[in-house]
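S.K.: One file: coords_1.cif (mmCIF, C-alpha atoms).
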```cif
data_query
loop_
_atom_site.group_PDB
_atom_site.id
_atom_site.type_symbol
_atom_site.label_atom_id
_atom_site.label_comp_id
_atom_site.auth_asym_id
_atom_site.auth_seq_id
_atom_site.Cartn_x
_atom_site.Cartn_y
_atom_site.Cartn_z
ATOM 1 C CA MET K 1 139.265 17.766 33.156
ATOM 2 C CA LYS K 2 138.600 14.718 35.316
ATOM 3 C CA CYS K 3 141.501 12.326 35.891
ATOM 4 C CA GLY K 4 142.048 9.498 38.351
ATOM 5 C CA PHE K 5 142.546 5.840 39.209
ATOM 6 C CA VAL K 6 139.586 3.447 39.340
ATOM 7 C CA THR K 7 140.052 -0.012 40.859
ATOM 8 C CA ILE K 8 137.719 -2.785 39.690
ATOM 9 C CA ILE K 9 137.254 -5.370 42.419
ATOM 10 C CA GLY K 10 134.989 -8.399 42.784
ATOM 11 C CA ARG K 11 134.751 -12.177 43.044
ATOM 12 C CA PRO K 12 136.204 -14.434 40.318
ATOM 13 C CA ASN K 13 134.239 -14.590 37.064
ATOM 14 C CA VAL K 14 132.077 -11.505 37.612
ATOM 15 C CA GLY K 15 133.399 -9.982 34.367
ATOM 16 C CA LYS K 16 136.106 -7.515 35.431
ATOM 17 C CA SER K 17 138.370 -8.101 32.435
ATOM 18 C CA THR K 18 135.436 -8.230 30.017
ATOM 19 C CA LEU K 19 134.248 -4.871 31.356
ATOM 20 C CA LEU K 20 137.653 -3.241 30.928
ATOM 21 C CA ASN K 21 138.038 -4.541 27.381
ATOM 22 C CA ARG K 22 134.532 -3.287 26.559
ATOM 23 C CA ILE K 23 135.223 0.201 27.936
ATOM 24 C CA LEU K 24 138.510 0.536 26.052
ATOM 25 C CA GLY K 25 137.048 -0.827 22.844
ATOM 26 C CA GLN K 26 139.801 -3.381 22.401
ATOM 27 C CA LYS K 27 141.316 -6.332 24.194
ATOM 28 C CA ILE K 28 144.128 -5.505 26.591
ATOM 29 C CA VAL K 29 143.437 -8.175 29.228
ATOM 30 C CA ILE K 30 142.596 -11.830 28.705
ATOM 31 C CA ALA K 31 139.128 -12.999 29.680
ATOM 32 C CA THR K 32 137.804 -16.563 30.035
ATOM 33 C CA ASP K 33 135.205 -18.359 32.138
ATOM 34 C CA LYS K 34 137.970 -19.901 34.280
ATOM 35 C CA ALA K 35 138.699 -18.635 37.793
ATOM 36 C CA GLN K 36 142.080 -16.908 38.263
ATOM 37 C CA THR K 37 142.257 -15.829 34.622
ATOM 38 C CA THR K 38 143.544 -12.462 35.838
ATOM 39 C CA ARG K 39 146.618 -12.946 38.014
ATOM 40 C CA LYS K 40 148.077 -9.453 38.196
ATOM 41 C CA ARG K 41 146.946 -5.878 38.414
ATOM 42 C CA ILE K 42 146.658 -4.552 34.868
ATOM 43 C CA LYS K 43 146.065 -0.906 33.986
ATOM 44 C CA GLY K 44 143.798 0.095 31.146
ATOM 45 C CA ILE K 45 143.703 3.789 30.253
ATOM 46 C CA LEU K 46 140.695 5.587 28.743
ATOM 47 C CA THR K 47 141.380 9.105 27.477
ATOM 48 C CA ASN K 48 138.826 11.395 25.853
ATOM 49 C CA GLU K 49 137.638 15.019 25.921
ATOM 50 C CA ARG K 50 136.202 14.539 29.424
ATOM 51 C CA GLY K 51 139.498 13.446 30.943
ATOM 52 C CA GLN K 52 141.414 10.265 31.699
ATOM 53 C CA ILE K 53 140.386 7.194 33.666
ATOM 54 C CA VAL K 54 143.121 4.762 34.667
ATOM 55 C CA PHE K 55 141.317 1.497 35.358
ATOM 56 C CA VAL K 56 143.068 -1.128 37.476
ATOM 57 C CA ASP K 57 141.835 -4.657 36.754
ATOM 58 C CA THR K 58 142.472 -6.977 39.707
ATOM 59 C CA PRO K 59 142.387 -10.758 40.265
ATOM 60 C CA GLY K 60 139.100 -12.163 41.507
ATOM 61 C CA VAL K 61 139.001 -12.190 45.314
ATOM 62 C CA HIS K 62 138.726 -15.662 46.825
ATOM 63 C CA LYS K 63 140.117 -17.626 49.767
ATOM 64 C CA PRO K 64 143.776 -18.411 48.990
ATOM 65 C CA LEU K 65 144.757 -22.089 48.888
ATOM 66 C CA ASN K 66 148.487 -21.593 48.214
ATOM 67 C CA LYS K 67 151.194 -18.958 47.826
ATOM 68 C CA LEU K 68 149.871 -17.981 44.400
ATOM 69 C CA GLY K 69 146.413 -17.487 45.913
ATOM 70 C CA GLU K 70 147.918 -15.233 48.583
ATOM 71 C CA PHE K 71 149.611 -13.179 45.853
ATOM 72 C CA LEU K 72 146.332 -12.819 43.939
ATOM 73 C CA LEU K 73 144.547 -11.586 47.062
ATOM 74 C CA ASP K 74 147.334 -9.105 47.789
ATOM 75 C CA GLU K 75 147.136 -7.797 44.210
ATOM 76 C CA ALA K 76 143.467 -6.933 44.759
ATOM 77 C CA LYS K 77 144.005 -5.449 48.226
ATOM 78 C CA VAL K 78 146.947 -3.184 47.413
ATOM 79 C CA ALA K 79 145.194 -1.599 44.428
ATOM 80 C CA VAL K 80 142.477 -0.082 46.628
ATOM 81 C CA PRO K 81 144.345 2.518 48.745
ATOM 82 C CA ASP K 82 145.890 4.205 45.684
ATOM 83 C CA SER K 83 142.617 4.568 43.820
ATOM 84 C CA ASP K 84 140.247 7.528 43.608
ATOM 85 C CA LEU K 85 137.218 5.284 43.176
ATOM 86 C CA ILE K 86 136.292 1.638 43.691
ATOM 87 C CA ILE K 87 134.054 -0.241 41.271
ATOM 88 C CA PHE K 88 132.561 -3.166 43.205
ATOM 89 C CA LEU K 89 131.636 -5.402 40.279
ATOM 90 C CA THR K 90 129.098 -8.115 41.026
ATOM 91 C CA ASP K 91 127.317 -10.914 39.209
ATOM 92 C CA GLY K 92 123.880 -9.369 38.919
ATOM 93 C CA SER K 93 122.358 -12.672 37.823
ATOM 94 C CA ASP K 94 122.683 -13.941 41.387
ATOM 95 C CA GLU K 95 122.245 -12.599 44.918
ATOM 96 C CA ALA K 96 125.205 -11.545 47.038
ATOM 97 C CA GLY K 97 127.097 -14.506 48.481
ATOM 98 C CA LYS K 98 129.755 -15.159 51.095
ATOM 99 C CA GLY K 99 132.529 -13.978 48.772
ATOM 100 C CA ASP K 100 130.816 -10.637 48.173
ATOM 101 C CA LYS K 101 130.266 -10.190 51.893
ATOM 102 C CA TRP K 102 133.939 -10.916 52.586
ATOM 103 C CA ILE K 103 135.035 -8.297 50.049
ATOM 104 C CA ALA K 104 132.647 -5.761 51.545
ATOM 105 C CA GLU K 105 133.791 -6.390 55.128
ATOM 106 C CA ASN K 106 137.529 -6.875 54.612
ATOM 107 C CA ILE K 107 138.409 -4.586 51.730
ATOM 108 C CA ILE K 108 135.795 -1.986 50.816
ATOM 109 C CA LYS K 109 134.622 -1.005 54.310
ATOM 110 C CA LYS K 110 138.236 -0.610 55.401
ATOM 111 C CA SER K 111 138.913 1.934 52.650
ATOM 112 C CA GLU K 112 137.930 5.591 52.462
ATOM 113 C CA GLN K 113 137.446 5.752 48.707
ATOM 114 C CA PRO K 114 134.052 6.401 47.118
ATOM 115 C CA VAL K 115 132.350 3.275 45.760
ATOM 116 C CA ILE K 116 129.989 2.431 42.914
ATOM 117 C CA ILE K 117 128.196 -0.917 43.096
ATOM 118 C CA VAL K 118 127.926 -2.316 39.564
ATOM 119 C CA LEU K 119 125.614 -5.210 38.734
ATOM 120 C CA ASN K 120 126.958 -7.017 35.677
ATOM 121 C CA LYS K 121 125.453 -9.744 33.489
ATOM 122 C CA LEU K 122 122.048 -8.124 33.023
ATOM 123 C CA ASP K 123 121.868 -10.044 29.742
ATOM 124 C CA LYS K 124 121.343 -13.226 31.791
ATOM 125 C CA ILE K 125 118.277 -11.939 33.698
ATOM 126 C CA LYS K 126 114.801 -11.788 32.149
ATOM 127 C CA LYS K 127 112.682 -10.624 35.104
ATOM 128 C CA GLN K 128 113.093 -7.057 36.376
ATOM 129 C CA GLU K 129 111.978 -8.002 39.882
ATOM 130 C CA LYS K 130 114.891 -10.457 40.050
ATOM 131 C CA VAL K 131 117.298 -7.666 39.133
ATOM 132 C CA GLU K 132 115.979 -5.465 41.937
ATOM 133 C CA GLN K 133 116.060 -8.354 44.391
ATOM 134 C CA ASN K 134 119.680 -9.099 43.581
ATOM 135 C CA LEU K 135 120.598 -5.407 43.699
ATOM 136 C CA MET K 136 119.152 -5.059 47.194
ATOM 137 C CA SER K 137 121.190 -8.031 48.423
ATOM 138 C CA TYR K 138 124.387 -6.184 47.441
ATOM 139 C CA LYS K 139 123.305 -2.804 48.798
ATOM 140 C CA THR K 140 122.544 -4.289 52.211
ATOM 141 C CA LEU K 141 126.185 -5.378 52.548
ATOM 142 C CA PHE K 142 127.013 -1.748 53.332
ATOM 143 C CA ASP K 143 125.994 0.876 55.865
ATOM 144 C CA LYS K 144 126.427 3.641 53.288
ATOM 145 C CA ASN K 145 124.057 4.225 50.403
ATOM 146 C CA TYR K 146 126.437 3.803 47.494
ATOM 147 C CA PRO K 147 125.280 4.618 43.944
ATOM 148 C CA THR K 148 124.486 1.612 41.754
ATOM 149 C CA VAL K 149 124.634 0.937 38.016
ATOM 150 C CA LYS K 150 123.245 -2.096 36.185
ATOM 151 C CA ILE K 151 125.213 -3.176 33.115
ATOM 152 C CA SER K 152 126.102 -5.947 30.727
ATOM 153 C CA ALA K 153 129.821 -5.929 29.939
ATOM 154 C CA LYS K 154 129.154 -8.614 27.339
ATOM 155 C CA THR K 155 126.672 -6.555 25.282
ATOM 156 C CA GLY K 156 127.767 -3.046 26.280
ATOM 157 C CA ARG K 157 124.438 -2.168 27.876
ATOM 158 C CA ASN K 158 124.592 0.930 30.135
ATOM 159 C CA ILE K 159 128.383 1.268 29.851
ATOM 160 C CA ASP K 160 127.922 4.981 29.029
ATOM 161 C CA THR K 161 125.867 5.389 32.200
ATOM 162 C CA LEU K 162 128.634 3.750 34.207
ATOM 163 C CA LEU K 163 131.243 6.095 32.693
ATOM 164 C CA ASP K 164 129.048 9.112 33.517
ATOM 165 C CA ASN K 165 128.938 7.997 37.145
ATOM 166 C CA ILE K 166 132.695 7.421 37.231
ATOM 167 C CA TYR K 167 133.529 10.873 35.871
ATOM 168 C CA LYS K 168 131.289 12.483 38.516
ATOM 169 C CA LYS K 169 133.390 10.886 41.254
ATOM 170 C CA LEU K 170 136.869 11.631 39.889
ATOM 171 C CA PRO K 171 138.944 14.673 40.898
ATOM 172 C CA GLU K 172 139.997 17.467 38.570
ATOM 173 C CA GLY K 173 143.540 17.084 37.312
ATOM 174 C CA ASP K 174 146.024 16.799 34.466
ATOM 175 C CA LEU K 175 146.500 13.718 32.312
ATOM 176 C CA LEU K 176 148.380 10.960 34.111
ATOM 177 C CA TYR K 177 149.528 9.242 30.882
ATOM 178 C CA PRO K 178 150.047 10.389 27.279
ATOM 179 C CA GLU K 179 146.801 10.438 25.271
ATOM 180 C CA ASP K 180 147.780 7.511 23.025
ATOM 181 C CA VAL K 181 148.702 5.085 25.851
ATOM 182 C CA LEU K 182 146.186 2.298 26.532
ATOM 183 C CA THR K 183 148.173 0.179 28.971
ATOM 184 C CA GLU K 184 151.537 -0.171 30.691
ATOM 185 C CA GLU K 185 151.857 -3.783 29.538
ATOM 186 C CA THR K 186 154.828 -4.637 27.299
ATOM 187 C CA MET K 187 154.583 -6.978 24.298
ATOM 188 C CA ARG K 188 156.383 -9.640 26.356
ATOM 189 C CA ASP K 189 153.587 -9.330 28.935
ATOM 190 C CA VAL K 190 150.915 -9.437 26.243
ATOM 191 C CA ALA K 191 152.433 -12.490 24.548
ATOM 192 C CA SER K 192 152.705 -14.362 27.844
ATOM 193 C CA GLU K 193 149.082 -13.648 28.746
ATOM 194 C CA ILE K 194 147.695 -14.550 25.326
ATOM 195 C CA ILE K 195 149.518 -17.892 25.384
ATOM 196 C CA ARG K 196 148.109 -18.530 28.862
ATOM 197 C CA GLU K 197 144.632 -17.575 27.703
ATOM 198 C CA LYS K 198 144.741 -20.142 24.889
ATOM 199 C CA ILE K 199 145.781 -22.803 27.405
ATOM 200 C CA LEU K 200 142.869 -21.827 29.674
ATOM 201 C CA ILE K 201 140.456 -22.117 26.768
ATOM 202 C CA ASN K 202 141.748 -25.502 25.598
ATOM 203 C CA THR K 203 142.224 -27.300 28.935
ATOM 204 C CA GLN K 204 140.085 -28.338 31.895
ATOM 205 C CA ASP K 205 140.167 -29.365 35.552
ATOM 206 C CA GLU K 206 143.356 -28.338 37.379
ATOM 207 C CA ILE K 207 145.485 -27.632 34.305
ATOM 208 C CA PRO K 208 144.405 -23.971 33.843
ATOM 209 C CA HIS K 209 145.346 -23.116 37.429
ATOM 210 C CA SER K 210 148.647 -25.029 37.382
ATOM 211 C CA ILE K 211 150.373 -23.328 34.484
ATOM 212 C CA ALA K 212 152.647 -20.319 34.163
ATOM 213 C CA VAL K 213 154.103 -18.881 30.978
ATOM 214 C CA MET K 214 157.544 -17.327 30.682
ATOM 215 C CA ILE K 215 158.802 -15.489 27.600
ATOM 216 C CA ASP K 216 162.394 -16.651 27.206
ATOM 217 C CA ASP K 217 163.163 -14.346 24.291
ATOM 218 C CA TYR K 218 161.289 -11.788 22.197
ATOM 219 C CA LYS K 219 163.032 -10.604 19.040
ATOM 220 C CA GLU K 220 161.417 -7.761 17.099
ATOM 221 C CA GLU K 221 162.436 -7.600 13.446
ATOM 222 C CA GLU K 222 161.102 -5.452 10.633
ATOM 223 C CA THR K 223 158.860 -8.079 9.050
ATOM 224 C CA ILE K 224 158.509 -10.655 11.845
ATOM 225 C CA ASP K 225 158.508 -10.981 15.640
ATOM 226 C CA LYS K 226 160.163 -14.131 16.980
ATOM 227 C CA ILE K 227 158.873 -15.299 20.355
ATOM 228 C CA TYR K 228 160.274 -18.177 22.397
ATOM 229 C CA ALA K 229 158.204 -19.204 25.418
ATOM 230 C CA THR K 230 158.101 -21.924 28.058
ATOM 231 C CA ILE K 231 154.918 -23.222 29.627
ATOM 232 C CA TYR K 232 155.461 -24.459 33.179
ATOM 233 C CA CYS K 233 153.188 -26.980 34.894
ATOM 234 C CA GLU K 234 153.407 -28.724 38.264
ATOM 235 C CA HIS K 235 153.375 -32.441 37.414
ATOM 236 C CA LYS K 236 154.639 -34.746 34.672
ATOM 237 C CA SER K 237 151.104 -35.930 33.891
ATOM 238 C CA GLN K 238 150.105 -32.304 33.206
ATOM 239 C CA LYS K 239 152.994 -31.952 30.771
ATOM 240 C CA GLY K 240 151.650 -34.848 28.736
ATOM 241 C CA ILE K 241 148.193 -33.284 28.634
ATOM 242 C CA LEU K 242 149.551 -29.891 27.596
ATOM 243 C CA ILE K 243 151.562 -31.380 24.747
ATOM 244 C CA GLY K 244 148.714 -33.653 23.651
ATOM 245 C CA LYS K 245 148.751 -36.659 21.364
ATOM 246 C CA LYS K 246 151.557 -36.166 18.833
ATOM 247 C CA GLY K 247 151.824 -32.558 20.036
ATOM 248 C CA SER K 248 148.242 -31.733 19.004
ATOM 249 C CA LEU K 249 147.235 -29.551 21.969
ATOM 250 C CA LEU K 250 150.475 -27.590 22.022
ATOM 251 C CA LYS K 251 150.100 -26.984 18.287
ATOM 252 C CA THR K 252 146.518 -25.725 18.781
ATOM 253 C CA VAL K 253 147.570 -23.363 21.568
ATOM 254 C CA GLY K 254 150.509 -22.105 19.537
ATOM 255 C CA THR K 255 148.444 -21.513 16.400
ATOM 256 C CA GLN K 256 145.674 -19.650 18.241
ATOM 257 C CA ALA K 257 148.175 -17.486 20.133
ATOM 258 C CA ARG K 258 150.235 -16.751 17.019
ATOM 259 C CA ILE K 259 147.185 -15.632 15.009
ATOM 260 C CA GLU K 260 146.072 -13.238 17.742
ATOM 261 C CA LEU K 261 149.570 -11.866 18.235
ATOM 262 C CA GLU K 262 149.898 -11.239 14.494
ATOM 263 C CA ASP K 263 146.705 -9.155 14.640
ATOM 264 C CA ILE K 264 148.194 -7.082 17.455
ATOM 265 C CA VAL K 265 151.687 -6.451 16.030
ATOM 266 C CA GLU K 266 150.359 -6.303 12.446
ATOM 267 C CA LYS K 267 153.096 -8.496 11.011
ATOM 268 C CA LYS K 268 154.198 -12.118 10.988
ATOM 269 C CA VAL K 269 154.946 -13.899 14.256
ATOM 270 C CA TYR K 270 157.109 -16.956 14.803
ATOM 271 C CA LEU K 271 156.117 -18.596 18.081
ATOM 272 C CA GLU K 272 158.015 -21.489 19.645
ATOM 273 C CA LEU K 273 156.543 -23.175 22.734
ATOM 274 C CA ASN K 274 158.138 -25.635 25.151
ATOM 275 C CA VAL K 275 156.667 -27.338 28.205
ATOM 276 C CA LYS K 276 158.574 -27.945 31.445
ATOM 277 C CA VAL K 277 157.675 -29.251 34.901
ATOM 278 C CA GLU K 278 158.309 -27.083 37.971
ATOM 279 C CA LYS K 279 156.892 -29.177 40.798
ATOM 280 C CA ASP K 280 154.411 -27.391 43.091
ATOM 281 C CA TRP K 281 155.523 -23.953 41.878
ATOM 282 C CA ARG K 282 152.372 -22.299 43.246
ATOM 283 C CA LYS K 283 153.539 -23.073 46.780
ATOM 284 C CA LYS K 284 157.084 -21.678 46.472
ATOM 285 C CA ASP K 285 157.918 -18.018 47.069
ATOM 286 C CA LYS K 286 161.156 -18.148 45.073
ATOM 287 C CA THR K 287 159.544 -19.710 42.004
ATOM 288 C CA LEU K 288 156.582 -17.334 42.168
ATOM 289 C CA LYS K 289 158.982 -14.392 42.039
ATOM 290 C CA THR K 290 160.841 -15.966 39.122
ATOM 291 C CA PHE K 291 157.546 -16.272 37.247
ATOM 292 C CA GLY K 292 156.738 -12.620 37.952
ATOM 293 C CA TYR K 293 154.210 -13.116 40.749
ATOM 294 C CA LYS K 294 155.724 -10.742 43.259
ATOM 295 C CA SER K 295 154.120 -7.732 44.869
ATOM 296 C CA GLU K 296 155.637 -4.405 43.887
ATOM 297 C CA THR K 297 154.427 -2.457 46.899
#
```
What is this structure when it is put down as structure tokens?

M.R.:
Amino acid sequence: MKCGFVTIIGRPNVGKSTLLNRILGQKIVIATDKAQTTRKRIKGILTNERGQIVFVDTPGVHKPLNKLGEFLLDEAKVAVPDSDLIIFLTDGSDEAGKGDKWIAENIIKKSEQPVIIVLNKLDKIKKQEKVEQNLMSYKTLFDKNYPTVKISAKTGRNIDTLLDNIYKKLPEGDLLYPEDVLTEETMRDVASEIIREKILINTQDEIPHSIAVMIDDYKEEETIDKIYATIYCEHKSQKGILIGKKGSLLKTVGTQARIELEDIVEKKVYLELNVKVEKDWRKKDKTLKTFGYKSET
């Protein structure tokens, strides 16, 4: 039986969370087209007759602009040494760029783990010669001849081929988690992330990057879960945008989050949202830790 940890690493918006959700067959991590959607390492666990793969989804690697950015980069870096395999996920619809080169030089080449280069977003490319051209640009970032797989996380194309390649690289071993466990995330974690996802979807510009969500209380009852959450932003003007005219945006976010949460817990959900200002929280170590952005290494 093959069992091990697989870290998914890549630039922002290459489809890491979409890939993990596709492999597991259900949504355990939020995924949007906004950078920094993933802010923490999240484990997704696939168990079948072949063994168990513990995937570690990481924040997109980019140059940090504040303390939060530094935390995101650390989250990606620290996941690598503990893994049995690295999936270097790339945007196959484009050639390798400066960000990909930085990841190759500063993270992957400094590790000893085996690597699979995965070209995602094949659904966006029509010409095969373009695919091969882009693939070569990623392969030439390395001295070693790493195996490559071309996929579309969006459509599911070649996901089975990717899993075949992963199992070949993993060590023999016993299950690391019980068979029925999909993730280590608690319902408080899930609720916080789903609320944040709905904000990302419904806002633009700097708002998506400036918010944090804290679950103040989560009460599980037999027929209903009652969730009380606070959305934090950095400036008063952002608070007005998040609430919206006559509370319209906050109501939209709350309704969308509540509906999705009800699907997950399979019962009614009462969700109460408040918005508060915590000035420049992304630049403050103490506030970052309060909001849960602290490295556990």

S.K.: Can you list, as a PyMOL selection string, every protein, DNA or RNA residue that comes within 10 Å of stretch 13-22 of chain K when you count only C-alpha atoms, leaving out same-chain residues fewer than 6 positions away?

M.R.: chain K and resi 28-38+42-46+55-61+87-93+119-121+151-156+159

S.K.: Write out, as an mmCIF file, in the frame of the given file, the residues just selected, with C-alpha atoms.

M.R.:
```cif
data_model
loop_
_atom_site.group_PDB
_atom_site.id
_atom_site.type_symbol
_atom_site.label_atom_id
_atom_site.label_comp_id
_atom_site.auth_asym_id
_atom_site.auth_seq_id
_atom_site.Cartn_x
_atom_site.Cartn_y
_atom_site.Cartn_z
ATOM 1 C CA ILE K 28 144.128 -5.505 26.591
ATOM 2 C CA VAL K 29 143.437 -8.175 29.228
ATOM 3 C CA ILE K 30 142.596 -11.830 28.705
ATOM 4 C CA ALA K 31 139.128 -12.999 29.680
ATOM 5 C CA THR K 32 137.804 -16.563 30.035
ATOM 6 C CA ASP K 33 135.205 -18.359 32.138
ATOM 7 C CA LYS K 34 137.970 -19.901 34.280
ATOM 8 C CA ALA K 35 138.699 -18.635 37.793
ATOM 9 C CA GLN K 36 142.080 -16.908 38.263
ATOM 10 C CA THR K 37 142.257 -15.829 34.622
ATOM 11 C CA THR K 38 143.544 -12.462 35.838
ATOM 12 C CA ILE K 42 146.658 -4.552 34.868
ATOM 13 C CA LYS K 43 146.065 -0.906 33.986
ATOM 14 C CA GLY K 44 143.798 0.095 31.146
ATOM 15 C CA ILE K 45 143.703 3.789 30.253
ATOM 16 C CA LEU K 46 140.695 5.587 28.743
ATOM 17 C CA PHE K 55 141.317 1.497 35.358
ATOM 18 C CA VAL K 56 143.068 -1.128 37.476
ATOM 19 C CA ASP K 57 141.835 -4.657 36.754
ATOM 20 C CA THR K 58 142.472 -6.977 39.707
ATOM 21 C CA PRO K 59 142.387 -10.758 40.265
ATOM 22 C CA GLY K 60 139.100 -12.163 41.507
ATOM 23 C CA VAL K 61 139.001 -12.190 45.314
ATOM 24 C CA ILE K 87 134.054 -0.241 41.271
ATOM 25 C CA PHE K 88 132.561 -3.166 43.205
ATOM 26 C CA LEU K 89 131.636 -5.402 40.279
ATOM 27 C CA THR K 90 129.098 -8.115 41.026
ATOM 28 C CA ASP K 91 127.317 -10.914 39.209
ATOM 29 C CA GLY K 92 123.880 -9.369 38.919
ATOM 30 C CA SER K 93 122.358 -12.672 37.823
ATOM 31 C CA LEU K 119 125.614 -5.210 38.734
ATOM 32 C CA ASN K 120 126.958 -7.017 35.677
ATOM 33 C CA LYS K 121 125.453 -9.744 33.489
ATOM 34 C CA ILE K 151 125.213 -3.176 33.115
ATOM 35 C CA SER K 152 126.102 -5.947 30.727
ATOM 36 C CA ALA K 153 129.821 -5.929 29.939
ATOM 37 C CA LYS K 154 129.154 -8.614 27.339
ATOM 38 C CA THR K 155 126.672 -6.555 25.282
ATOM 39 C CA GLY K 156 127.767 -3.046 26.280
ATOM 40 C CA ILE K 159 128.383 1.268 29.851
#
```

S.K.: Might you pull out every residue within 10 Å of stretch 140-149 of chain K, with only C-alpha atoms counted and same-chain residues fewer than 4 positions away left off, and present them as a ChimeraX atom specification?

M.R.: /K:87-89,96,100-105,108-109,114-120,135-136,158-159,161-163,165

S.K.: What's the separation between atom CA of K:Thr255 and atom CA of K:Met187, in Å to one decimal place?

M.R.: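 About the pair atom CA of K:Thr255 and atom CA of K:Met187: they are 17.6 Å apart.
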
S.K.: Rounded to one decimal place, report the atom CA of K:Gly173-atom CA of K:Arg50 distance in Å.

M.R.: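 Distance between the two atoms: 11.1 Å.
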
S.K.: For the structure provided, state which residues fall under the PyMOL selection byres ((chain K and resi 237) around 12), and present them as a list in words.

M.R.: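 In the shown coordinates, the PyMOL selection byres ((chain K and resi 237) around 12) covers Glu206, Ile207, Ser210, Cys233, Glu234, His235, Lys236, Gln238, Lys239, Gly240, Ile241, Leu242, Ile243, Gly244, Val275, Lys276, Val277 and Lys279 of chain K.
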
S.K.: For K:Thr203, which of K:Glu172, K:Arg188, K:Tyr167, K:Leu250 is the closest residue, counting all atoms listed in the file?

M.R.: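 Counting all atoms listed in the file, the residue closest to K:Thr203 is K:Leu250.
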
S.K.: Select, from K:Ile23, K:Ile194, K:Leu122, K:Ile53, the residue with the minimum atom-to-atom distance to K:Lys168, counting all atoms listed in the file.

M.R.: K:Ile53
